[in-house]
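Peer 1: Below is work-v2.txt; it holds compact mmCIF, C-alpha atoms.
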# COMPACT_ATOMS: atom_id res chain seq x y z
CA MET K 1 6.10 -25.06 -9.51
CA TRP K 2 7.96 -21.76 -9.61
CA PRO K 3 11.55 -22.12 -10.84
CA TYR K 4 14.00 -20.81 -8.25
CA TYR K 5 16.89 -18.68 -9.52
CA PRO K 6 18.36 -16.92 -6.48
CA ASP K 7 20.79 -14.90 -8.59
CA LEU K 8 17.85 -13.23 -10.35
CA LEU K 9 16.40 -12.24 -6.97
CA ALA K 10 19.64 -11.10 -5.36
CA THR K 11 19.08 -7.36 -5.77
CA PRO K 12 16.48 -5.69 -3.52
CA VAL K 13 13.96 -3.75 -5.61
CA PRO K 14 11.16 -1.22 -4.94
CA ARG K 15 7.52 -2.20 -4.65
CA TYR K 16 6.72 0.46 -7.30
CA THR K 17 3.68 2.03 -5.74
CA SER K 18 4.81 5.01 -7.79
CA PHE K 19 7.29 5.81 -10.51
CA PRO K 20 9.66 7.41 -9.85
CA THR K 21 9.68 5.99 -6.34
CA ALA K 22 9.73 8.08 -3.18
CA ALA K 23 13.48 7.41 -2.97
CA GLU K 24 13.89 9.99 -5.76
CA PHE K 25 11.91 12.74 -4.03
CA SER K 26 13.76 15.96 -3.21
CA GLY K 27 13.12 19.42 -1.83
CA ALA K 28 13.14 20.83 -5.37
CA VAL K 29 9.39 20.15 -5.39
CA GLY K 30 7.17 21.46 -2.63
CA ALA K 31 4.27 23.73 -1.68
CA ASP K 32 4.33 25.93 -4.79
CA GLU K 33 4.11 22.94 -7.11
CA ALA K 34 1.41 21.33 -4.96
CA ASN K 35 -0.57 24.57 -4.97
CA HIS K 36 -0.50 24.78 -8.77
CA ALA K 37 -1.43 21.13 -9.20
CA LEU K 38 -4.37 21.38 -6.79
CA ARG K 39 -5.68 24.51 -8.48
CA THR K 40 -5.57 23.01 -11.98
CA VAL K 41 -6.63 19.39 -11.50
CA ALA K 42 -10.13 18.45 -12.69
CA GLY K 43 -12.30 15.35 -13.00
CA ASP K 44 -12.34 12.29 -10.75
CA VAL K 45 -10.10 12.43 -7.69
CA SER K 46 -9.43 10.11 -4.77
CA LEU K 47 -8.43 11.26 -1.29
CA TYR K 48 -6.05 9.56 1.11
CA VAL K 49 -6.18 10.69 4.76
CA HIS K 50 -3.22 9.72 6.95
CA ILE K 51 -3.47 9.11 10.71
CA PRO K 52 0.15 8.60 11.89
CA PHE K 53 -0.69 7.06 15.26
CA CYS K 54 -1.17 3.60 16.75
CA GLU K 55 -2.10 2.65 20.30
CA GLN K 56 0.57 -0.07 20.15
CA ILE K 57 3.63 0.02 17.91
CA CYS K 58 4.52 -3.28 16.22
CA TRP K 59 8.22 -4.02 15.93
CA TYR K 60 8.15 -4.92 12.23
CA CYS K 61 6.19 -1.89 11.03
CA GLY K 62 7.58 0.41 8.34
CA CYS K 63 4.74 2.94 8.47
CA ASN K 64 5.16 6.57 9.47
CA THR K 65 3.47 6.22 12.85
CA GLY K 66 3.94 6.94 16.53
CA ALA K 67 2.27 5.98 19.80
CA ALA K 68 -1.13 7.57 20.43
CA ASN K 69 -0.45 7.89 24.15
CA LYS K 70 -0.28 11.67 24.41
CA THR K 71 -3.76 13.14 24.16
CA GLN K 72 -2.60 16.72 23.59
CA ARG K 73 -0.32 15.72 20.70
CA LEU K 74 -3.08 13.65 19.08
CA HIS K 75 -5.63 16.46 19.33
CA ALA K 76 -3.13 18.99 17.98
CA TYR K 77 -2.53 16.74 14.99
CA LEU K 78 -6.25 16.40 14.31
CA ASP K 79 -6.65 20.19 14.46
CA ALA K 80 -3.90 20.51 11.83
CA LEU K 81 -5.48 17.79 9.69
CA HIS K 82 -8.79 19.67 9.73
CA ARG K 83 -6.94 22.77 8.51
CA ASP K 84 -5.22 20.69 5.82
CA ILE K 85 -8.62 19.48 4.60
CA ALA K 86 -9.96 23.03 4.53
CA ILE K 87 -7.13 24.70 2.61
CA THR K 88 -6.68 21.78 0.22
CA GLY K 89 -10.41 21.61 -0.45
CA ALA K 90 -10.48 25.33 -1.22
CA ARG K 91 -7.83 24.81 -3.91
CA LEU K 92 -9.67 21.87 -5.47
CA ASP K 93 -12.71 24.13 -5.74
CA GLY K 94 -15.63 22.71 -7.75
CA ARG K 95 -13.71 21.18 -10.64
CA VAL K 96 -13.30 17.74 -9.13
CA ARG K 97 -15.47 14.81 -8.11
CA VAL K 98 -14.18 12.84 -5.13
CA LYS K 99 -15.00 9.20 -5.92
CA ARG K 100 -13.06 7.44 -3.17
CA VAL K 101 -11.80 8.29 0.32
CA ALA K 102 -9.26 6.06 2.06
CA PHE K 103 -8.12 6.41 5.67
CA GLY K 104 -4.75 4.88 6.48
CA GLY K 105 -1.91 5.09 8.93
CA GLY K 106 -0.76 4.08 11.41
CA SER K 107 -4.16 3.00 12.55
CA PRO K 108 -7.10 5.33 11.94
CA ASN K 109 -8.88 3.68 14.86
CA ALA K 110 -6.16 5.04 17.15
CA ILE K 111 -8.37 8.15 17.29
CA ALA K 112 -11.80 8.23 18.91
CA PRO K 113 -14.82 7.30 16.76
CA THR K 114 -16.25 10.79 17.35
CA ASP K 115 -13.03 12.33 16.00
CA PHE K 116 -13.34 10.13 12.93
CA VAL K 117 -16.90 11.39 12.37
CA ARG K 118 -15.63 14.97 12.62
CA LEU K 119 -13.06 14.24 9.90
CA VAL K 120 -15.78 12.82 7.66
CA ASP K 121 -17.87 15.95 8.33
CA ALA K 122 -14.89 18.14 7.37
CA LEU K 123 -14.41 16.24 4.13
CA THR K 124 -18.11 16.60 3.37
CA LEU K 125 -17.94 20.35 4.01
CA HIS K 126 -14.71 21.17 2.19
CA THR K 127 -14.45 18.69 -0.70
CA ALA K 128 -16.76 17.70 -3.56
CA LEU K 129 -17.73 14.21 -2.44
CA ASP K 130 -19.56 12.37 -5.22
CA ASN K 131 -21.04 9.29 -3.54
CA PRO K 132 -17.52 8.03 -2.78
CA THR K 133 -16.37 4.57 -1.81
CA TRP K 134 -15.10 4.72 1.79
CA SER K 135 -12.21 2.52 2.91
CA ILE K 136 -10.19 2.28 6.11
CA GLU K 137 -7.23 0.43 7.63
CA LEU K 138 -7.93 -0.97 11.09
CA ASP K 139 -6.08 -2.45 14.05
CA PRO K 140 -8.30 -5.24 15.40
CA ARG K 141 -6.71 -4.92 18.86
CA THR K 142 -8.39 -1.54 19.41
CA LEU K 143 -11.56 -1.98 17.37
CA THR K 144 -14.38 -1.16 19.80
CA PRO K 145 -18.13 -1.68 19.24
CA GLU K 146 -18.49 2.10 18.85
CA TRP K 147 -16.27 1.89 15.77
CA GLY K 148 -18.59 -0.69 14.23
CA GLN K 149 -21.54 1.66 14.71
CA VAL K 150 -19.70 4.62 13.19
CA LEU K 151 -18.41 2.68 10.18
CA GLY K 152 -21.94 1.45 9.47
CA TRP K 153 -23.39 4.95 9.79
CA ILE K 154 -20.84 6.44 7.37
CA GLY K 155 -21.21 3.57 4.90
CA VAL K 156 -17.66 2.22 4.88
CA SER K 157 -17.62 -0.71 2.45
CA HIS K 158 -13.89 -1.50 2.28
CA ALA K 159 -11.72 -2.31 5.29
CA SER K 160 -8.28 -3.79 5.80
CA MET K 161 -7.11 -5.43 9.03
CA GLY K 162 -3.53 -6.05 10.04
CA VAL K 163 -3.55 -9.75 10.92
CA GLN K 164 -0.03 -10.82 9.85
CA THR K 165 -0.22 -14.28 11.50
CA PHE K 166 -2.53 -16.28 13.76
CA GLU K 167 0.41 -18.03 15.48
CA PRO K 168 0.86 -16.80 19.10
CA GLN K 169 4.62 -17.41 19.17
CA LEU K 170 5.13 -15.47 15.95
CA GLN K 171 2.94 -12.65 17.21
CA ALA K 172 5.18 -12.42 20.28
CA ALA K 173 8.28 -12.38 18.06
CA ILE K 174 7.05 -9.30 16.15
CA GLY K 175 5.38 -7.45 19.02
CA ARG K 176 1.77 -7.89 17.88
CA ILE K 177 -0.29 -10.03 20.27
CA GLN K 178 -3.87 -10.51 19.05
CA PRO K 179 -5.71 -13.74 19.94
CA ASP K 180 -7.73 -15.58 17.32
CA GLN K 181 -11.02 -14.64 19.01
CA LEU K 182 -10.16 -10.96 18.60
CA ILE K 183 -9.97 -11.37 14.82
CA VAL K 184 -13.20 -13.38 14.80
CA GLU K 185 -15.04 -10.68 16.72
CA ALA K 186 -13.58 -7.86 14.59
CA THR K 187 -14.55 -9.67 11.39
CA ALA K 188 -18.12 -10.19 12.61
CA MET K 189 -18.37 -6.55 13.68
CA LEU K 190 -17.21 -5.26 10.30
CA ARG K 191 -19.58 -7.54 8.41
CA LYS K 192 -22.46 -6.34 10.57
CA ALA K 193 -21.41 -2.74 9.85
CA GLY K 194 -21.76 -3.37 6.11
CA VAL K 195 -18.15 -3.95 5.06
CA SER K 196 -18.42 -6.02 1.88
CA SER K 197 -14.73 -6.01 0.89
CA LEU K 198 -12.59 -7.07 3.83
CA ASN K 199 -8.83 -7.46 3.43
CA PHE K 200 -6.45 -9.35 5.72
CA ASP K 201 -2.79 -8.29 5.65
CA LEU K 202 -0.63 -11.40 6.16
CA MET K 203 3.13 -11.90 6.24
CA TYR K 204 5.65 -14.61 5.45
CA GLY K 205 9.35 -14.60 6.27
CA LEU K 206 8.72 -13.82 9.95
CA PRO K 207 11.24 -14.83 12.64
CA GLY K 208 10.77 -18.50 13.52
CA GLN K 209 8.02 -18.96 10.93
CA THR K 210 7.67 -22.42 9.39
CA MET K 211 5.65 -23.63 6.45
CA GLY K 212 3.24 -25.18 8.94
CA HIS K 213 2.67 -21.78 10.54
CA LEU K 214 1.87 -20.25 7.17
CA GLU K 215 -0.43 -23.14 6.26
CA SER K 216 -2.53 -22.71 9.40
CA THR K 217 -2.73 -18.92 9.04
CA LEU K 218 -3.91 -19.19 5.43
CA ALA K 219 -6.42 -21.89 6.35
CA ARG K 220 -7.85 -19.71 9.13
CA THR K 221 -8.00 -16.69 6.84
CA ILE K 222 -9.90 -18.66 4.22
CA GLU K 223 -12.24 -20.00 6.90
CA LEU K 224 -13.03 -16.48 8.12
CA GLY K 225 -13.90 -15.45 4.56
CA ALA K 226 -11.54 -12.54 3.87
CA ASP K 227 -12.52 -11.07 0.50
CA ARG K 228 -8.99 -9.87 -0.17
CA ILE K 229 -5.61 -11.02 1.08
CA ALA K 230 -2.31 -9.18 0.87
CA LEU K 231 0.50 -11.66 1.49
CA PHE K 232 3.67 -9.65 2.07
CA GLY K 233 7.22 -10.82 2.60
CA TYR K 234 8.63 -9.30 5.79
CA ALA K 235 11.41 -6.80 4.98
CA HIS K 236 14.05 -6.67 7.74
CA VAL K 237 15.79 -3.29 7.45
CA PRO K 238 16.73 -2.26 11.01
CA HIS K 239 19.23 0.29 9.67
CA MET K 240 16.21 2.17 8.31
CA LEU K 241 13.65 1.17 10.97
CA PRO K 242 15.24 1.10 14.44
CA ARG K 243 12.14 -0.52 15.97
CA GLN K 244 13.01 -3.70 14.02
CA ARG K 245 16.12 -4.16 16.19
CA ARG K 246 13.86 -5.86 18.71
CA ILE K 247 13.29 -8.68 16.21
CA ASP K 248 15.66 -11.66 16.35
CA ALA K 249 17.32 -11.55 12.93
CA SER K 250 18.99 -14.93 13.52
CA ALA K 251 15.54 -16.57 13.44
CA LEU K 252 14.53 -15.14 10.06
CA PRO K 253 13.93 -17.71 7.28
CA GLY K 254 16.47 -17.75 4.45
CA GLN K 255 15.78 -16.67 0.89
CA ASP K 256 14.99 -20.21 -0.26
CA ALA K 257 12.47 -20.67 2.58
CA ARG K 258 10.87 -17.31 1.81
CA PHE K 259 10.55 -18.29 -1.85
CA ALA K 260 8.88 -21.58 -0.87
CA MET K 261 6.46 -19.72 1.43
CA ALA K 262 5.48 -17.27 -1.31
CA GLU K 263 4.92 -20.15 -3.71
CA TYR K 264 2.84 -22.09 -1.20
CA GLY K 265 0.74 -19.01 -0.48
CA TYR K 266 0.00 -18.60 -4.18
CA GLN K 267 -0.93 -22.27 -4.62
CA ARG K 268 -3.05 -22.46 -1.47
CA LEU K 269 -5.04 -19.31 -2.14
CA THR K 270 -5.66 -19.87 -5.84
CA ALA K 271 -6.73 -23.46 -5.05
CA ALA K 272 -9.24 -21.97 -2.58
CA GLY K 273 -10.75 -19.86 -5.37
CA TYR K 274 -8.90 -16.59 -4.89
CA VAL K 275 -7.90 -14.63 -7.98
CA GLN K 276 -4.26 -13.58 -8.18
CA ILE K 277 -3.81 -9.79 -8.23
CA GLY K 278 -0.33 -8.74 -9.25
CA PHE K 279 2.42 -10.51 -7.32
CA ASP K 280 1.23 -10.56 -3.70
CA HIS K 281 -2.52 -9.82 -3.56
CA PHE K 282 -5.50 -12.13 -3.90
CA ALA K 283 -9.27 -11.57 -4.09
CA LEU K 284 -12.37 -13.71 -4.18
CA PRO K 285 -14.13 -13.69 -7.58
CA HIS K 286 -17.02 -11.49 -6.38
CA ASP K 287 -14.74 -8.76 -5.02
CA PRO K 288 -14.37 -5.51 -7.04
CA MET K 289 -10.61 -6.11 -7.22
CA ALA K 290 -11.07 -9.52 -8.86
CA ILE K 291 -13.60 -8.06 -11.28
CA ALA K 292 -11.12 -5.30 -12.16
CA ALA K 293 -8.45 -7.95 -12.74
CA ARG K 294 -10.68 -9.85 -15.16
CA GLU K 295 -11.35 -6.61 -17.01
CA LYS K 296 -7.66 -5.58 -16.89
CA ARG K 297 -8.47 -2.45 -14.87
CA VAL K 298 -6.19 -3.06 -11.89
CA ARG K 299 -3.93 -0.11 -11.20
CA ARG K 300 -1.13 0.60 -8.76
CA ASN K 301 -0.72 3.65 -6.54
CA PHE K 302 0.52 4.51 -3.07
CA GLN K 303 -2.16 2.28 -1.58
CA GLY K 304 -0.86 -0.71 -3.56
CA PHE K 305 -2.98 -2.60 -6.08
CA THR K 306 -6.35 -0.96 -6.54
CA ASP K 307 -9.47 -0.99 -8.68
CA ASP K 308 -9.69 2.80 -8.22
CA GLN K 309 -9.80 4.43 -11.66
CA ALA K 310 -9.37 8.07 -10.57
CA PRO K 311 -6.23 9.47 -12.26
CA THR K 312 -5.42 11.80 -9.35
CA LEU K 313 -4.78 10.94 -5.70
CA VAL K 314 -4.66 13.79 -3.17
CA GLY K 315 -2.94 13.07 0.14
CA LEU K 316 -4.00 14.71 3.39
CA GLY K 317 -2.02 14.44 6.60
CA ALA K 318 1.63 14.14 7.59
CA SER K 319 3.73 12.13 5.08
CA ALA K 320 0.73 11.65 2.73
CA ILE K 321 1.65 11.61 -0.96
CA SER K 322 -0.34 13.22 -3.77
CA CYS K 323 -0.09 11.82 -7.28
CA PHE K 324 -0.81 14.00 -10.30
CA ASP K 325 -0.07 13.18 -13.92
CA ASP K 326 3.21 15.10 -14.02
CA LEU K 327 3.93 15.50 -10.32
CA LEU K 328 4.42 13.43 -7.17
CA VAL K 329 4.52 15.46 -3.97
CA GLN K 330 4.71 14.44 -0.31
CA ASN K 331 3.67 16.29 2.82
CA GLU K 332 6.04 16.95 5.70
CA LYS K 333 6.68 13.64 7.48
CA ASN K 334 7.28 14.98 10.99
CA ALA K 335 3.94 15.53 12.73
CA GLY K 336 5.27 18.52 14.70
CA ARG K 337 6.55 20.36 11.64
CA TYR K 338 3.37 19.40 9.78
CA ARG K 339 1.32 21.11 12.51
CA MET K 340 3.54 24.18 12.40
CA LEU K 341 3.06 24.65 8.64
CA LEU K 342 -0.71 24.30 8.90
CA SER K 343 -0.81 26.77 11.81
CA GLN K 344 0.44 29.34 9.27
CA ASP K 345 -2.13 28.24 6.65
CA MET K 346 0.69 26.88 4.48
CA LEU K 347 0.35 23.75 2.38
CA PRO K 348 2.50 21.12 4.13
CA ALA K 349 3.97 19.63 0.92
CA ASN K 350 7.75 19.87 1.09
CA HIS K 351 9.33 17.34 -1.28
CA GLY K 352 8.57 15.33 -4.38
CA ILE K 353 9.49 14.99 -8.04
CA ARG K 354 8.27 16.18 -11.42
CA ARG K 355 7.42 13.29 -13.73
CA SER K 356 9.02 13.80 -17.13
CA ALA K 357 7.56 12.33 -20.32
CA ASP K 358 10.18 9.56 -20.03
CA ASP K 359 9.18 8.90 -16.40
CA ARG K 360 5.54 8.54 -17.44
CA LEU K 361 6.48 6.22 -20.29
CA ARG K 362 8.61 3.97 -18.08
CA GLY K 363 6.07 4.15 -15.26
CA GLY K 364 3.38 2.93 -17.63
CA VAL K 365 5.45 -0.11 -18.61
CA ILE K 366 6.27 -0.91 -14.98
CA SER K 367 2.64 -0.57 -13.93
CA GLU K 368 1.38 -2.79 -16.75
CA LEU K 369 3.93 -5.49 -15.95
CA LEU K 370 2.98 -5.54 -12.27
CA CYS K 371 -0.78 -5.17 -12.70
CA GLN K 372 -1.48 -7.07 -15.92
CA GLY K 373 1.60 -9.28 -16.25
CA GLU K 374 2.47 -7.88 -19.67
CA ALA K 375 3.37 -4.62 -21.34
CA GLN K 376 3.91 -3.24 -24.82
CA VAL K 377 7.42 -1.77 -24.74
CA PRO K 378 8.34 1.09 -27.11
CA PRO K 379 11.20 0.09 -29.46
CA ALA K 380 13.80 2.52 -28.07
CA LEU K 381 13.13 1.42 -24.52
CA LEU K 382 13.17 -2.24 -25.51
CA ALA K 383 16.55 -1.79 -27.19
CA GLU K 384 17.90 -0.15 -24.02
CA VAL K 385 16.94 -3.04 -21.72
CA ALA K 386 17.21 -5.99 -24.13
CA GLY K 387 20.49 -7.21 -22.64
CA ARG K 388 19.16 -7.05 -19.10
CA ILE K 389 15.96 -8.89 -20.03
CA ALA K 390 17.83 -11.74 -21.75
CA PRO K 391 18.57 -13.81 -18.58
CA PHE K 392 14.90 -13.79 -17.64
CA VAL K 393 13.83 -14.85 -21.13
CA GLU K 394 16.51 -17.54 -21.34
CA ARG K 395 15.34 -19.09 -18.07
CA GLY K 396 11.69 -19.07 -19.05
CA VAL K 397 10.30 -16.60 -16.52
CA ALA K 398 9.58 -13.91 -19.13
CA ALA K 399 8.89 -13.91 -22.87
CA LEU K 400 9.27 -11.37 -25.64
CA ASP K 401 6.89 -11.46 -28.60
CA GLY K 402 7.94 -8.56 -30.74
CA ALA K 403 7.46 -5.54 -28.50
CA MET K 404 5.20 -7.39 -26.06
CA LEU K 405 6.94 -8.41 -22.84
CA ARG K 406 5.12 -10.99 -20.70
CA ILE K 407 5.73 -12.40 -17.27
CA LEU K 408 5.18 -16.15 -17.69
CA PRO K 409 3.17 -18.15 -15.12
CA GLY K 410 6.29 -19.41 -13.35
CA GLY K 411 7.82 -15.95 -13.45
CA LEU K 412 5.43 -14.26 -11.04
CA PRO K 413 8.00 -13.93 -8.20
CA TYR K 414 10.33 -12.18 -10.64
CA ALA K 415 7.80 -9.52 -11.69
CA ARG K 416 9.26 -6.72 -9.54
CA THR K 417 12.79 -7.57 -10.64
CA VAL K 418 11.78 -7.49 -14.32
CA ALA K 419 9.94 -4.20 -13.77
CA ALA K 420 13.08 -2.72 -12.18
CA LEU K 421 14.96 -3.25 -15.45
CA PHE K 422 13.08 -0.24 -16.82
CA ASP K 423 14.02 1.97 -13.86
CA PRO K 424 17.11 4.08 -14.69
CA TYR K 425 17.25 5.38 -11.12
CA ARG K 426 17.99 1.84 -9.91
CA GLN K 427 20.82 0.87 -12.24
CA ASP K 428 23.58 2.57 -10.27
CA SER K 429 21.74 3.23 -7.01
CA LEU K 430 23.00 2.07 -3.62
CA ARG K 431 19.61 2.62 -1.97
CA ARG K 432 18.20 -0.38 -0.17
CA PHE K 433 14.79 -1.82 -0.82
CA SER K 434 12.99 -4.99 0.19
CA SER K 435 13.72 -8.44 -1.16
CA ALA K 436 11.80 -9.20 -4.36
CA VAL K 437 10.30 -12.27 -2.62
Is it possible to give me this structure as structure tokens?

Peer 2:
Amino acid sequence: MWPYYPDLLATPVPRYTSFPTAAEFSGAVGADEANHALRTVAGDVSLYVHIPFCEQICWYCGCNTGAANKTQRLHAYLDALHRDIAITGARLDGRVRVKRVAFGGGSPNAIAPTDFVRLVDALTLHTALDNPTWSIELDPRTLTPEWGQVLGWIGVSHASMGVQTFEPQLQAAIGRIQPDQLIVEATAMLRKAGVSSLNFDLMYGLPGQTMGHLESTLARTIELGADRIALFGYAHVPHMLPRQRRIDASALPGQDARFAMAEYGYQRLTAAGYVQIGFDHFALPHDPMAIAAREKRVRRNFQGFTDDQAPTLVGLGASAISCFDDLLVQNEKNAGRYRMLLSQDMLPANHGIRRSADDRLRGGVISELLCQGEAQVPPALLAEVAGRIAPFVERGVAALDGAMLRILPGGLPYARTVAALFDPYRQDSLRRFSSAV
């Protein structure tokens, strides 16, 4: 059983898909820095392509996305994205090998399958693809048979579907109606197309959700054979995401109920044979993510936990983030302004942060804690945070062995909170993040 210490979970903390987090980005970093980084990077690179559109907008969603109901706007965005691929690819030149391409959103299948093929053709023409792994996020509500054919033709092996819950009343409460049969058919289609690593995104802490609801959703997910499962706690931040105002906050489970749901999810999935990945992901033993976990190769980037070993991630599309060793830089978030910049053949990057040597040191510790459950902490840094670590050690959720800091088995739900102790940007910050559990 996980020990429950609500005081240790009281402060919202980042998910640490980067360090520093995007909350620290500013306009001091932009197109000039992105241009230099693209022209000097070499070796293995991964690409992330952002499609900021969905045919239906879910009320809970925190993604940068809008409704794909205006054909002219959608086509104008795709034209700009093609230009982004061309001018970014020209700067990467022949020094890189693209080992992985991920399409995210929004929902990439908000565009037509033929438009998706054109994007793949553009990437093939303008970037140095080196037999890459192809992955894509999908909305099962709009996954047509034509998409199955296209994904099979391209060779997409990794896919992630937004499932969230199988309970009809909970789906209605979050604005995402998708009958069980729809998920069954989408799963079968993706398997037939050759997808060998299929992820289901699930959520706990939804309005009106009970433990019974979570139990049945996990049982159905296991039955359908998802290779990976991301079990997220719903973050209710309507002051940041106005669309969440449609969700009944009075029906949200309390912190103690959320904690119990997270614990049950861990117990149920590991009992079913899934390997724990970090603090909220799970994978079957045959999946590349589980293999990476056994070999201590799991990493964390803007796509979450990953087995991707490329040190550089290049983002294409509005709001996409590129990650270089000493630089994090994000493209213009607004699709209209993004199109305007590309119409002038300008790189759309307009804010970010330079990663100092101290940032990289702290980021390494944070990443190791979240991905491997332990980290070797340099003496000076350990001395700085020793007092803040003490409550976690005293309560048995973390342990210090010399300079080695470990998250103990019962301390898994505290991993993000422990990691945040090494984040100097958080100590006096009033920024709001999601609950740690």

Peer 1: Identify which of the residues K:Thr71, K:Thr40, K:Gln267, K:Gln209 lies closest to Trp2 in chain K, counting all atoms listed in the file when measuring atom-to-atom distances.

Peer 2: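 Among K:Thr71, K:Thr40, K:Gln267, K:Gln209, it is K:Gln267 that comes nearest to Trp2 in chain K.
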
Peer 1: Do a neighbour search on range 191-205 of chain K at 6 Å with all atoms listed in the file, toss out local chain neighbours closer than 6 positions, and write the hits as a PyMOL selection string.

Peer 2: chain K and resi 148+152+157-164+226-234+253+258

Peer 1: Skipping near chain neighbours, those fewer than 3 positions away, what residues fall within 6 Å of Arg97 in chain K using only C-alpha atoms, listed as a PyMOL selection string?

Peer 2: chain K and resi 43-45+128+130

Peer 1: Could you give me, as a PyMOL selection string, the residues within 7 Å of Glu332 in chain K, counting only C-alpha atoms and dropping anything in the same chain fewer than 6 positions from it?

Peer 2: chain K and resi 318-319+338+348-350

Peer 1: Restricted to C-alpha atoms, what would the selected residues look like written as a CSV table (one decimal), keeping the file's coordinate frame?

Peer 2:
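File written: again_21.csv
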chain,number,residue,atom,x,y,z
K,318,ALA,CA,1.6,14.1,7.6
K,319,SER,CA,3.7,12.1,5.1
K,338,TYR,CA,3.4,19.4,9.8
K,348,PRO,CA,2.5,21.1,4.1
K,349,ALA,CA,4.0,19.6,0.9
K,350,ASN,CA,7.8,19.9,1.1

Peer 1: What is the distance, in Å and to one decimal place, between CA of Thr270 in chain K and CA of Gly373 in chain K?

Peer 2: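 Distance between the two atoms: 16.5 Å.
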